[in-house]
>>> print(open('data_21.cif').read())   # mmCIF, C-alpha atoms and all ligand atoms
data_model
#
loop_
_atom_site.label_atom_id
_atom_site.label_comp_id
_atom_site.auth_asym_id
_atom_site.auth_seq_id
_atom_site.Cartn_x
_atom_site.Cartn_y
_atom_site.Cartn_z
CA MET P 13 89.67 58.25 105.85
CA GLN P 14 88.15 59.18 109.21
CA GLU P 15 91.48 58.76 110.98
CA PHE P 16 93.16 60.85 108.29
CA GLN P 17 90.52 63.60 108.63
CA LYS P 18 90.99 63.60 112.41
CA THR P 19 94.75 63.99 112.07
CA LEU P 20 94.35 66.88 109.64
CA GLU P 21 91.82 68.64 111.88
CA GLU P 22 94.26 68.43 114.78
CA ILE P 23 97.02 69.99 112.70
CA PHE P 24 94.63 72.65 111.44
CA ARG P 25 93.49 73.62 114.93
CA ASP P 26 97.11 73.87 116.04
CA PHE P 27 97.97 76.19 113.14
CA HIS P 28 94.87 78.24 113.84
CA ARG P 29 95.81 78.67 117.51
CA HIS P 30 99.31 79.83 116.57
CA PRO P 31 99.02 82.28 113.68
CA GLU P 32 102.23 83.87 112.39
CA THR P 33 102.27 86.86 110.05
CA ALA P 34 104.32 87.20 106.86
CA LYS P 35 108.03 86.32 107.04
CA GLU P 36 107.68 85.22 110.67
CA GLU P 37 106.27 81.75 110.04
CA TYR P 38 109.01 80.04 112.11
CA ARG P 39 106.79 77.80 114.22
CA THR P 40 104.58 76.89 111.26
CA THR P 41 107.71 76.06 109.24
CA GLN P 42 108.92 73.83 112.06
CA LYS P 43 105.57 72.02 112.33
CA VAL P 44 105.40 71.45 108.58
CA ARG P 45 108.94 70.03 108.58
CA GLU P 46 108.13 67.72 111.51
CA PHE P 47 105.05 66.31 109.79
CA LEU P 48 106.87 65.77 106.48
CA GLU P 49 109.85 64.15 108.21
CA LYS P 50 107.52 61.79 110.05
CA GLN P 51 106.10 60.71 106.68
CA GLY P 52 109.61 60.18 105.31
CA ILE P 53 109.13 62.93 102.72
CA GLN P 54 112.23 64.53 101.22
CA ILE P 55 112.72 68.17 102.28
CA LEU P 56 114.85 70.31 99.98
CA ASP P 57 117.35 72.92 101.18
CA LEU P 58 115.49 76.19 100.92
CA PRO P 59 117.65 79.32 101.32
CA LEU P 60 114.82 81.31 102.97
CA PRO P 61 114.26 81.91 106.70
CA THR P 62 110.69 80.55 106.58
CA GLY P 63 108.78 78.28 104.22
CA VAL P 64 109.37 74.68 103.22
CA LEU P 65 110.01 73.02 99.89
CA ALA P 66 109.61 69.25 99.72
CA GLN P 67 109.12 66.63 97.08
CA VAL P 68 107.55 63.25 96.50
CA GLY P 69 108.02 60.92 93.56
CA SER P 70 110.76 59.59 91.33
CA GLY P 71 112.89 62.74 91.40
CA GLU P 72 112.64 62.82 87.62
CA GLY P 73 110.36 64.75 85.28
CA PRO P 74 107.68 65.63 84.63
CA VAL P 75 107.45 67.94 87.67
CA ILE P 76 104.20 69.33 89.04
CA ALA P 77 104.05 71.80 91.93
CA LEU P 78 101.34 72.11 94.56
CA ARG P 79 101.43 75.32 96.58
CA ALA P 80 99.99 76.38 99.94
CA ASP P 81 100.60 79.69 101.69
CA MET P 82 101.33 79.79 105.44
CA ASP P 83 101.02 83.33 106.77
CA ALA P 84 98.33 84.86 108.99
CA LEU P 85 97.15 88.47 109.28
CA PRO P 86 97.54 91.27 111.85
CA VAL P 87 93.85 90.93 112.79
CA GLN P 88 92.38 90.50 116.28
CA GLU P 89 90.24 87.35 116.06
CA GLN P 90 86.60 87.73 117.12
CA THR P 91 85.32 84.18 116.67
CA ASP P 92 84.25 81.97 119.55
CA LEU P 93 86.01 78.90 118.19
CA PRO P 94 87.42 76.51 120.78
CA TYR P 95 90.74 76.83 118.94
CA VAL P 96 90.71 80.64 118.72
CA SER P 97 94.05 82.39 118.10
CA GLU P 98 96.27 82.47 121.18
CA THR P 99 98.34 85.33 119.79
CA PRO P 100 96.80 88.75 120.44
CA GLY P 101 96.39 90.82 117.28
CA LYS P 102 97.10 87.94 114.91
CA MET P 103 94.70 85.61 113.19
CA HIS P 104 94.42 83.13 110.35
CA ALA P 105 91.71 85.27 108.74
CA CYS P 106 92.53 84.20 105.19
CA GLY P 107 92.42 80.42 105.66
CA HIS P 108 96.12 79.83 105.05
CA ASP P 109 96.08 77.43 108.03
CA PHE P 110 93.60 75.38 105.98
CA HIS P 111 95.75 75.53 102.85
CA THR P 112 98.90 74.43 104.69
CA THR P 113 97.06 71.55 106.36
CA ALA P 114 95.42 70.41 103.13
CA LEU P 115 98.83 70.35 101.41
CA LEU P 116 100.31 68.32 104.27
CA GLY P 117 97.43 65.89 103.76
CA ALA P 118 98.11 65.74 100.02
CA ALA P 119 101.81 65.16 100.75
CA ALA P 120 100.97 62.18 102.96
CA LEU P 121 98.64 60.70 100.33
CA LEU P 122 101.21 61.17 97.57
CA LYS P 123 103.89 59.55 99.72
CA GLU P 124 101.67 56.47 100.14
CA ARG P 125 101.30 56.35 96.34
CA GLU P 126 104.91 57.28 95.57
CA ALA P 127 105.66 54.08 93.65
CA GLU P 128 102.81 54.81 91.22
CA LEU P 129 103.74 58.45 90.55
CA LYS P 130 104.78 59.16 86.96
CA GLY P 131 107.25 61.88 87.91
CA THR P 132 107.83 64.32 90.76
CA VAL P 133 105.52 66.47 92.85
CA ARG P 134 107.14 69.54 94.38
CA LEU P 135 105.36 70.74 97.54
CA ILE P 136 105.59 74.48 98.12
CA PHE P 137 104.79 75.73 101.64
CA GLN P 138 105.07 79.41 100.89
CA PRO P 139 105.64 82.24 103.38
CA GLY P 140 104.51 85.85 103.05
CA GLU P 141 101.59 85.71 100.63
CA GLU P 142 99.80 88.63 102.28
CA ILE P 143 102.70 91.00 101.61
CA ASN P 144 103.31 89.79 98.07
CA TYR P 145 106.70 88.36 99.03
CA GLY P 146 106.62 84.59 99.08
CA ALA P 147 105.90 83.53 95.52
CA LEU P 148 108.67 85.67 94.06
CA ALA P 149 111.03 84.60 96.86
CA MET P 150 110.31 80.92 96.13
CA LEU P 151 110.75 81.40 92.39
CA GLY P 152 113.93 83.39 93.02
CA THR P 153 115.64 80.39 94.65
CA GLY P 154 115.82 78.64 91.29
CA LEU P 155 114.52 75.48 92.98
CA LEU P 156 111.35 75.57 90.89
CA ASP P 157 113.03 76.00 87.51
CA ASP P 158 112.07 72.47 86.43
CA VAL P 159 108.39 72.76 87.42
CA GLN P 160 106.05 72.43 84.46
CA GLU P 161 102.66 73.20 86.00
CA TYR P 162 101.45 74.83 89.23
CA TYR P 163 98.33 74.17 91.26
CA GLY P 164 97.03 75.93 94.35
CA LEU P 165 93.82 76.64 96.14
CA HIS P 166 92.12 79.15 98.39
CA THR P 167 89.27 78.93 100.87
CA ASP P 168 86.10 80.74 99.85
CA PRO P 169 83.43 81.88 102.32
CA ASN P 170 80.93 82.44 99.48
CA ILE P 171 80.80 78.76 98.54
CA GLU P 172 79.16 75.89 100.43
CA ALA P 173 81.61 73.59 102.18
CA GLY P 174 82.68 70.74 99.94
CA THR P 175 82.03 72.51 96.64
CA LEU P 176 84.85 73.77 94.42
CA GLY P 177 84.83 76.98 92.41
CA ILE P 178 86.81 76.80 89.16
CA ARG P 179 87.08 79.22 86.28
CA GLU P 180 89.37 79.63 83.28
CA ASN P 181 91.39 82.76 82.41
CA ALA P 182 91.49 85.81 84.73
CA ILE P 183 90.11 85.03 88.18
CA MET P 184 91.94 87.46 90.47
CA ALA P 185 93.31 90.95 90.02
CA SER P 186 96.62 92.78 90.29
CA PRO P 187 96.19 94.75 93.55
CA ASP P 188 98.48 97.67 92.73
CA TRP P 189 99.11 100.69 94.96
CA PHE P 190 99.31 104.30 93.90
CA GLY P 191 99.99 107.51 95.80
CA VAL P 192 100.02 111.13 94.66
CA THR P 193 101.57 114.10 96.44
CA ILE P 194 100.32 117.41 95.09
CA GLU P 195 102.72 120.25 95.71
CA GLY P 196 101.55 123.85 95.87
CA LYS P 197 102.54 126.75 98.08
CA GLY P 198 101.13 127.21 101.55
CA GLY P 199 100.18 130.40 103.36
CA HIS P 200 97.43 132.22 105.27
CA GLY P 201 93.91 130.84 104.92
CA ALA P 202 92.70 134.40 104.28
CA GLN P 203 95.08 134.95 101.37
CA PRO P 204 94.67 132.16 98.81
CA HIS P 205 95.78 134.51 96.02
CA ASN P 206 99.24 134.58 97.58
CA CYS P 207 99.37 130.78 97.74
CA ILE P 208 99.03 127.83 95.37
CA ASP P 209 96.38 125.83 97.18
CA PRO P 210 96.81 122.06 96.68
CA VAL P 211 93.47 121.24 98.37
CA PRO P 212 91.11 122.00 95.45
CA ALA P 213 93.58 120.24 93.14
CA MET P 214 93.35 117.17 95.38
CA ALA P 215 89.54 117.34 95.41
CA SER P 216 89.47 117.57 91.61
CA LEU P 217 91.95 114.75 91.25
CA ILE P 218 89.86 112.43 93.41
CA LEU P 219 86.86 113.04 91.15
CA ALA P 220 88.90 112.84 87.94
CA LEU P 221 90.34 109.48 89.01
CA GLN P 222 86.80 108.13 89.43
CA GLN P 223 86.38 108.65 85.71
CA VAL P 224 89.47 106.69 84.67
CA VAL P 225 87.54 103.43 84.92
CA SER P 226 84.19 104.75 83.67
CA ARG P 227 85.50 106.82 80.74
CA ARG P 228 88.91 105.51 79.74
CA ILE P 229 88.85 101.74 80.22
CA SER P 230 86.69 99.42 78.13
CA PRO P 231 83.31 98.58 79.69
CA PHE P 232 84.12 94.95 78.84
CA SER P 233 87.10 94.99 81.19
CA ALA P 234 86.90 94.50 84.92
CA CYS P 235 88.79 97.27 86.66
CA VAL P 236 88.52 98.97 90.05
CA LEU P 237 90.11 102.22 91.17
CA SER P 238 89.57 103.32 94.78
CA VAL P 239 91.02 106.41 96.43
CA THR P 240 91.21 105.22 100.02
CA ARG P 241 93.09 107.98 101.84
CA ALA P 242 93.28 111.74 101.43
CA SER P 243 95.06 114.21 103.66
CA ALA P 244 96.12 117.84 103.62
CA GLY P 245 96.97 120.41 106.25
CA ASN P 246 96.62 120.26 110.00
CA THR P 247 94.68 123.32 111.04
CA TRP P 248 91.78 125.55 109.93
CA ASN P 249 93.41 128.83 109.03
CA VAL P 250 96.49 127.74 107.09
CA ILE P 251 96.58 126.73 103.43
CA PRO P 252 98.87 123.69 103.34
CA GLY P 253 101.79 123.39 100.97
CA THR P 254 101.03 119.82 99.97
CA ALA P 255 98.14 117.37 99.77
CA GLU P 256 98.30 113.60 99.47
CA ILE P 257 96.08 110.79 98.33
CA GLU P 258 96.61 107.07 97.99
CA GLY P 259 94.58 104.17 96.75
CA THR P 260 94.49 100.98 94.75
CA ILE P 261 93.85 100.05 91.13
CA ARG P 262 92.97 96.48 90.24
CA THR P 263 92.98 95.06 86.75
CA MET P 264 92.61 91.59 85.24
CA SER P 265 95.21 91.71 82.46
CA ASP P 266 98.76 92.94 81.98
CA GLU P 267 97.65 95.31 79.19
CA GLU P 268 94.98 97.01 81.31
CA ARG P 269 97.43 97.17 84.17
CA ASP P 270 99.88 99.14 82.02
CA LEU P 271 97.07 101.37 80.78
CA GLY P 272 95.79 101.97 84.33
CA GLU P 273 99.20 103.07 85.55
CA GLN P 274 99.66 105.36 82.58
CA LEU P 275 96.20 106.96 83.08
CA ILE P 276 96.78 107.58 86.80
CA ARG P 277 100.08 109.33 86.08
CA GLN P 278 98.62 111.37 83.24
CA THR P 279 95.49 112.38 85.19
CA ALA P 280 97.41 113.36 88.31
CA GLU P 281 99.98 115.44 86.44
CA SER P 282 97.39 117.20 84.26
CA VAL P 283 94.92 117.97 87.04
CA ALA P 284 97.68 119.29 89.30
CA ALA P 285 99.00 121.48 86.46
CA ALA P 286 95.54 122.95 85.90
CA TYR P 287 95.72 124.33 89.47
CA GLY P 288 99.27 125.55 89.16
CA CYS P 289 100.52 122.64 91.28
CA THR P 290 102.82 119.75 90.50
CA ALA P 291 102.12 116.06 91.18
CA LYS P 292 104.54 113.40 92.32
CA VAL P 293 103.06 110.03 91.45
CA GLY P 294 104.09 106.78 93.06
CA TYR P 295 102.96 103.42 91.66
CA LYS P 296 103.82 100.07 93.21
CA ARG P 297 103.13 96.84 91.38
CA GLN P 298 101.96 94.04 93.62
CA SER P 299 101.22 90.55 92.29
CA ARG P 300 100.10 90.28 88.69
CA PRO P 301 96.58 89.25 87.64
CA LEU P 302 95.94 85.55 88.27
CA ILE P 303 95.17 83.87 84.97
CA ASN P 304 94.19 80.20 84.93
CA THR P 305 95.13 78.11 81.90
CA PRO P 306 91.77 77.27 80.25
CA ALA P 307 92.67 73.64 79.45
CA LEU P 308 93.79 73.02 83.03
CA ALA P 309 90.69 74.68 84.50
CA ALA P 310 88.73 72.23 82.35
CA PHE P 311 90.97 69.37 83.50
CA THR P 312 90.53 70.11 87.22
CA THR P 313 86.78 70.57 86.73
CA GLY P 314 86.59 67.17 85.03
CA LEU P 315 88.66 65.55 87.76
CA ALA P 316 86.49 67.02 90.53
CA GLU P 317 83.36 65.75 88.80
CA GLU P 318 84.93 62.31 88.42
CA MET P 319 85.60 62.36 92.17
CA GLY P 320 81.97 63.31 92.88
CA ILE P 321 82.89 66.80 94.12
CA PRO P 322 80.35 69.47 93.13
CA VAL P 323 81.88 72.28 91.05
CA ILE P 324 80.52 75.74 90.36
CA ARG P 325 81.86 78.27 87.89
CA GLN P 326 83.91 80.58 90.11
CA GLU P 327 83.09 84.28 90.17
CA PRO P 328 86.21 86.33 89.47
CA SER P 329 87.44 88.51 92.33
CA MET P 330 89.26 91.86 92.43
CA ILE P 331 91.34 90.66 95.39
CA GLY P 332 95.02 89.90 94.64
CA GLU P 333 96.86 86.60 95.12
CA ASP P 334 100.57 86.07 94.60
CA PHE P 335 100.06 82.54 93.25
CA ALA P 336 99.71 84.56 90.02
CA GLU P 337 103.51 84.86 89.87
CA TYR P 338 103.91 81.09 89.39
CA LEU P 339 101.60 81.29 86.37
CA LYS P 340 103.52 84.13 84.73
CA ASP P 341 105.46 81.76 82.50
CA HIS P 342 103.82 78.41 83.27
CA PRO P 343 100.43 76.79 82.94
CA GLY P 344 98.40 75.92 86.00
CA CYS P 345 95.17 76.42 87.85
CA PHE P 346 94.10 78.07 91.09
CA VAL P 347 90.94 76.61 92.58
CA ARG P 348 88.59 78.01 95.23
CA VAL P 349 87.46 75.62 97.94
CA GLY P 350 84.10 76.20 99.53
CA THR P 351 84.63 76.25 103.28
CA GLY P 352 81.14 77.31 104.29
CA ILE P 353 79.18 80.54 103.83
CA GLY P 354 80.26 83.16 106.36
CA PRO P 355 82.11 86.44 106.97
CA ALA P 356 84.55 87.58 104.28
CA LEU P 357 88.25 86.75 104.01
CA HIS P 358 90.30 89.00 106.35
CA HIS P 359 87.24 89.57 108.58
CA PRO P 360 87.84 89.04 112.34
CA LYS P 361 84.94 86.56 112.36
CA PHE P 362 86.13 84.59 109.30
CA THR P 363 85.99 80.81 109.81
CA VAL P 364 86.47 77.74 107.66
CA ASP P 365 84.74 74.39 107.97
CA PRO P 366 87.59 71.94 108.59
CA SER P 367 85.40 68.91 107.72
CA VAL P 368 86.44 69.30 104.08
CA LEU P 369 90.19 69.02 104.79
CA SER P 370 90.64 65.36 103.82
CA GLY P 371 88.55 65.77 100.66
CA THR P 372 90.61 68.81 99.67
CA ALA P 373 93.86 66.93 100.32
CA GLU P 374 92.62 64.07 98.15
CA PHE P 375 91.67 66.47 95.36
CA LEU P 376 95.14 68.08 95.46
CA ALA P 377 96.91 64.72 95.48
CA ARG P 378 94.84 63.41 92.59
CA THR P 379 95.36 66.59 90.59
CA ALA P 380 99.12 66.08 90.84
CA GLN P 381 98.90 62.35 90.07
CA LYS P 382 96.65 62.80 87.06
CA ARG P 383 98.63 65.72 85.65
CA LEU P 384 101.86 63.72 85.90
CA GLU P 385 100.16 60.92 83.96
CA ALA P 386 98.89 63.38 81.36
CA LEU P 387 102.33 64.99 80.95
CA ARG P 388 104.08 61.61 80.79
CA ASN P 389 101.70 60.52 78.02
CA ALA P 390 101.85 63.82 76.14
ZN ZN A 1 94.51 87.22 102.40
ZN ZN A 2 94.76 84.28 101.25
#
>>> encode(input="data_21.cif", output="structure tokens", more="lines below")
Ligand SMILES: [Zn+2]
Ligand SMILES: [Zn+2]
Amino acid sequence: MQEFQKTLEEIFRDFHRHPETAKEEYRTTQKVREFLEKQGIQILDLPLPTGVLAQVGSGEGPVIALRADMDALPVQEQTDLPYVSETPGKMHACGHDFHTTALLGAAALLKEREAELKGTVRLIFQPGEEINYGALAMLGTGLLDDVQEYYGLHTDPNIEAGTLGIRENAIMASPDWFGVTIEGKGGHGAQPHNCIDPVPAMASLILALQQVVSRRISPFSACVLSVTRASAGNTWNVIPGTAEIEGTIRTMSDEERDLGEQLIRQTAESVAAAYGCTAKVGYKRQSRPLINTPALAAFTTGLAEEMGIPVIRQEPSMIGEDFAEYLKDHPGCFVRVGTGIGPALHHPKFTVDPSVLSGTAEFLARTAQKRLEALRNA
């Protein structure tokens, strides 16, 4: 186990030194392929420029998928790690280097146990999670059509290293974007009566949107709406013709997501109309809410306990995660891995404790093994 842990730490440090952002994971893809080839693991033909799809097992059903994401972020690293990012302005600030390494570890363990596997494990090394691209791209290849259940994990800087966080049902949100352009009529700052000023309409809209969550959505639902940018005009004595805001709304169910979109449109159009303006509303759906299958959350919790891994009940998060797309039509479970208490995900000082790599790989491998057994016996 110690040798295995050492190997994984080396791979992890290499990934950390060479972060690649979404859709540019060429080197990471190459390194993943090299490791898998060395283990004699079958790599499937993936019609995407980056990412790797591999498999271990009999080649027959049942089929379980394990997924890791590979991309880094456009963040300037500020840690003093000996393996700090060597690429200026890029950093593995979301722990995807850890995920990729842990899945390589699981792949190696599963390969060793291939003869005992009761089916096939598909290994998804996914590109472009941070831009909500990779999961849909992977699913779009059709190469996952026979997968019955999906499992994935994410580092968590709010959990002690070596502890897992698991929870059933909704655990992460849909991180949707919205933008509103309010159109009025510009003119001289001294003559508002000859204009249709979009600025007070924008100010009202910002306040009205704050009440969408507090007044229109059930207090039993988790929902966040943040207006994060507002702009209008470019000088002091001119009333601008337009004003713009943008922000994010995050919900934990498809129904509330639909309602949220509808309320943003309705509020923007009505408030703008009250000021004699019109509103153009944009709404972009990112990944859907991540909803763990209750029975499989219970299964992974039981398995972790059997393995002597401490488990806490995971706090839900309003962050988005495109693993959710795999669970749209299939059961599965997304687990948080404690990698030591520290700065938040995406923070320039974010770090993970790599000492839990081999344990995480073992947990992933066993999850796949045990689920294949359960499906075979079902
Ligand atoms: Zn992230
Ligand atoms: Zn992430």
>>> atom_distance(input="data_21.cif", atom1="atom CA of Gln203 of chain P", atom2="atom CA of Asn249 of chain P")
9.9 Å
>>> closest_atom_pairs(input="data_21.cif", of="chain P", to="ligand ZN 2 (chain A)", cutoff="8 Å", atoms="only C-alpha atoms and all ligand atoms", output="JSON lines")
{"residue": "P:Asp81", "atom": "CA", "partner": "A:ZN2", "partner_atom": "ZN", "distance": 7.4}
{"residue": "P:Cys106", "atom": "CA", "partner": "A:ZN2", "partner_atom": "ZN", "distance": 4.5}
{"residue": "P:Gly107", "atom": "CA", "partner": "A:ZN2", "partner_atom": "ZN", "distance": 6.3}
{"residue": "P:His108", "atom": "CA", "partner": "A:ZN2", "partner_atom": "ZN", "distance": 6.0}
{"residue": "P:Glu141", "atom": "CA", "partner": "A:ZN2", "partner_atom": "ZN", "distance": 7.0}
{"residue": "P:Glu142", "atom": "CA", "partner": "A:ZN2", "partner_atom": "ZN", "distance": 6.7}
{"residue": "P:His166", "atom": "CA", "partner": "A:ZN2", "partner_atom": "ZN", "distance": 6.4}
{"residue": "P:Thr167", "atom": "CA", "partner": "A:ZN2", "partner_atom": "ZN", "distance": 7.7}
{"residue": "P:Glu333", "atom": "CA", "partner": "A:ZN2", "partner_atom": "ZN", "distance": 6.9}
{"residue": "P:Leu357", "atom": "CA", "partner": "A:ZN2", "partner_atom": "ZN", "distance": 7.5}
>>> closest_residue(input="data_21.cif", among="P:Phe375, P:Tyr163, P:Phe190, P:Phe335", to="ligand ZN 1 (chain A)", atoms="only C-alpha atoms and all ligand atoms")
P:Phe335
>>> closest_residue(input="data_21.cif", among="P:Ala386, P:Ala105, P:Val192, P:Leu48", to="ligand ZN 1 (chain A)", atoms="only C-alpha atoms and all ligand atoms")
P:Ala105
>>> atom_distance(input="data_21.cif", atom1="atom CA of Ser216 of chain P", atom2="atom CA of Glu273 of chain P")
18.5 Å
>>> residues_around(input="data_21.cif", residues="Leu155 of chain P", least_positions_apart="3", cutoff="12 Å", atoms="only C-alpha atoms", output="list in words")
Ile55, Leu56, Asp57, Leu58, Pro59, Leu60, Val64, Leu65, Ala66, Gln67, Val75, Ala77, Arg134, Leu135, Ile136, Leu148, Ala149, Met150, Leu151, Gly152, Asp158 and Val159 of chain P
>>> closest_residue(input="data_21.cif", among="P:Gln381, P:Thr132, P:Thr33, P:Asn170", to="ligand ZN 1 (chain A)", atoms="all atoms listed in the file")
P:Thr33
>>> closest_residue(input="data_21.cif", among="P:Asn144, P:Gln298, P:Gln326, P:Ser367", to="ligand ZN 1 (chain A)", atoms="all atoms listed in the file")
P:Asn144
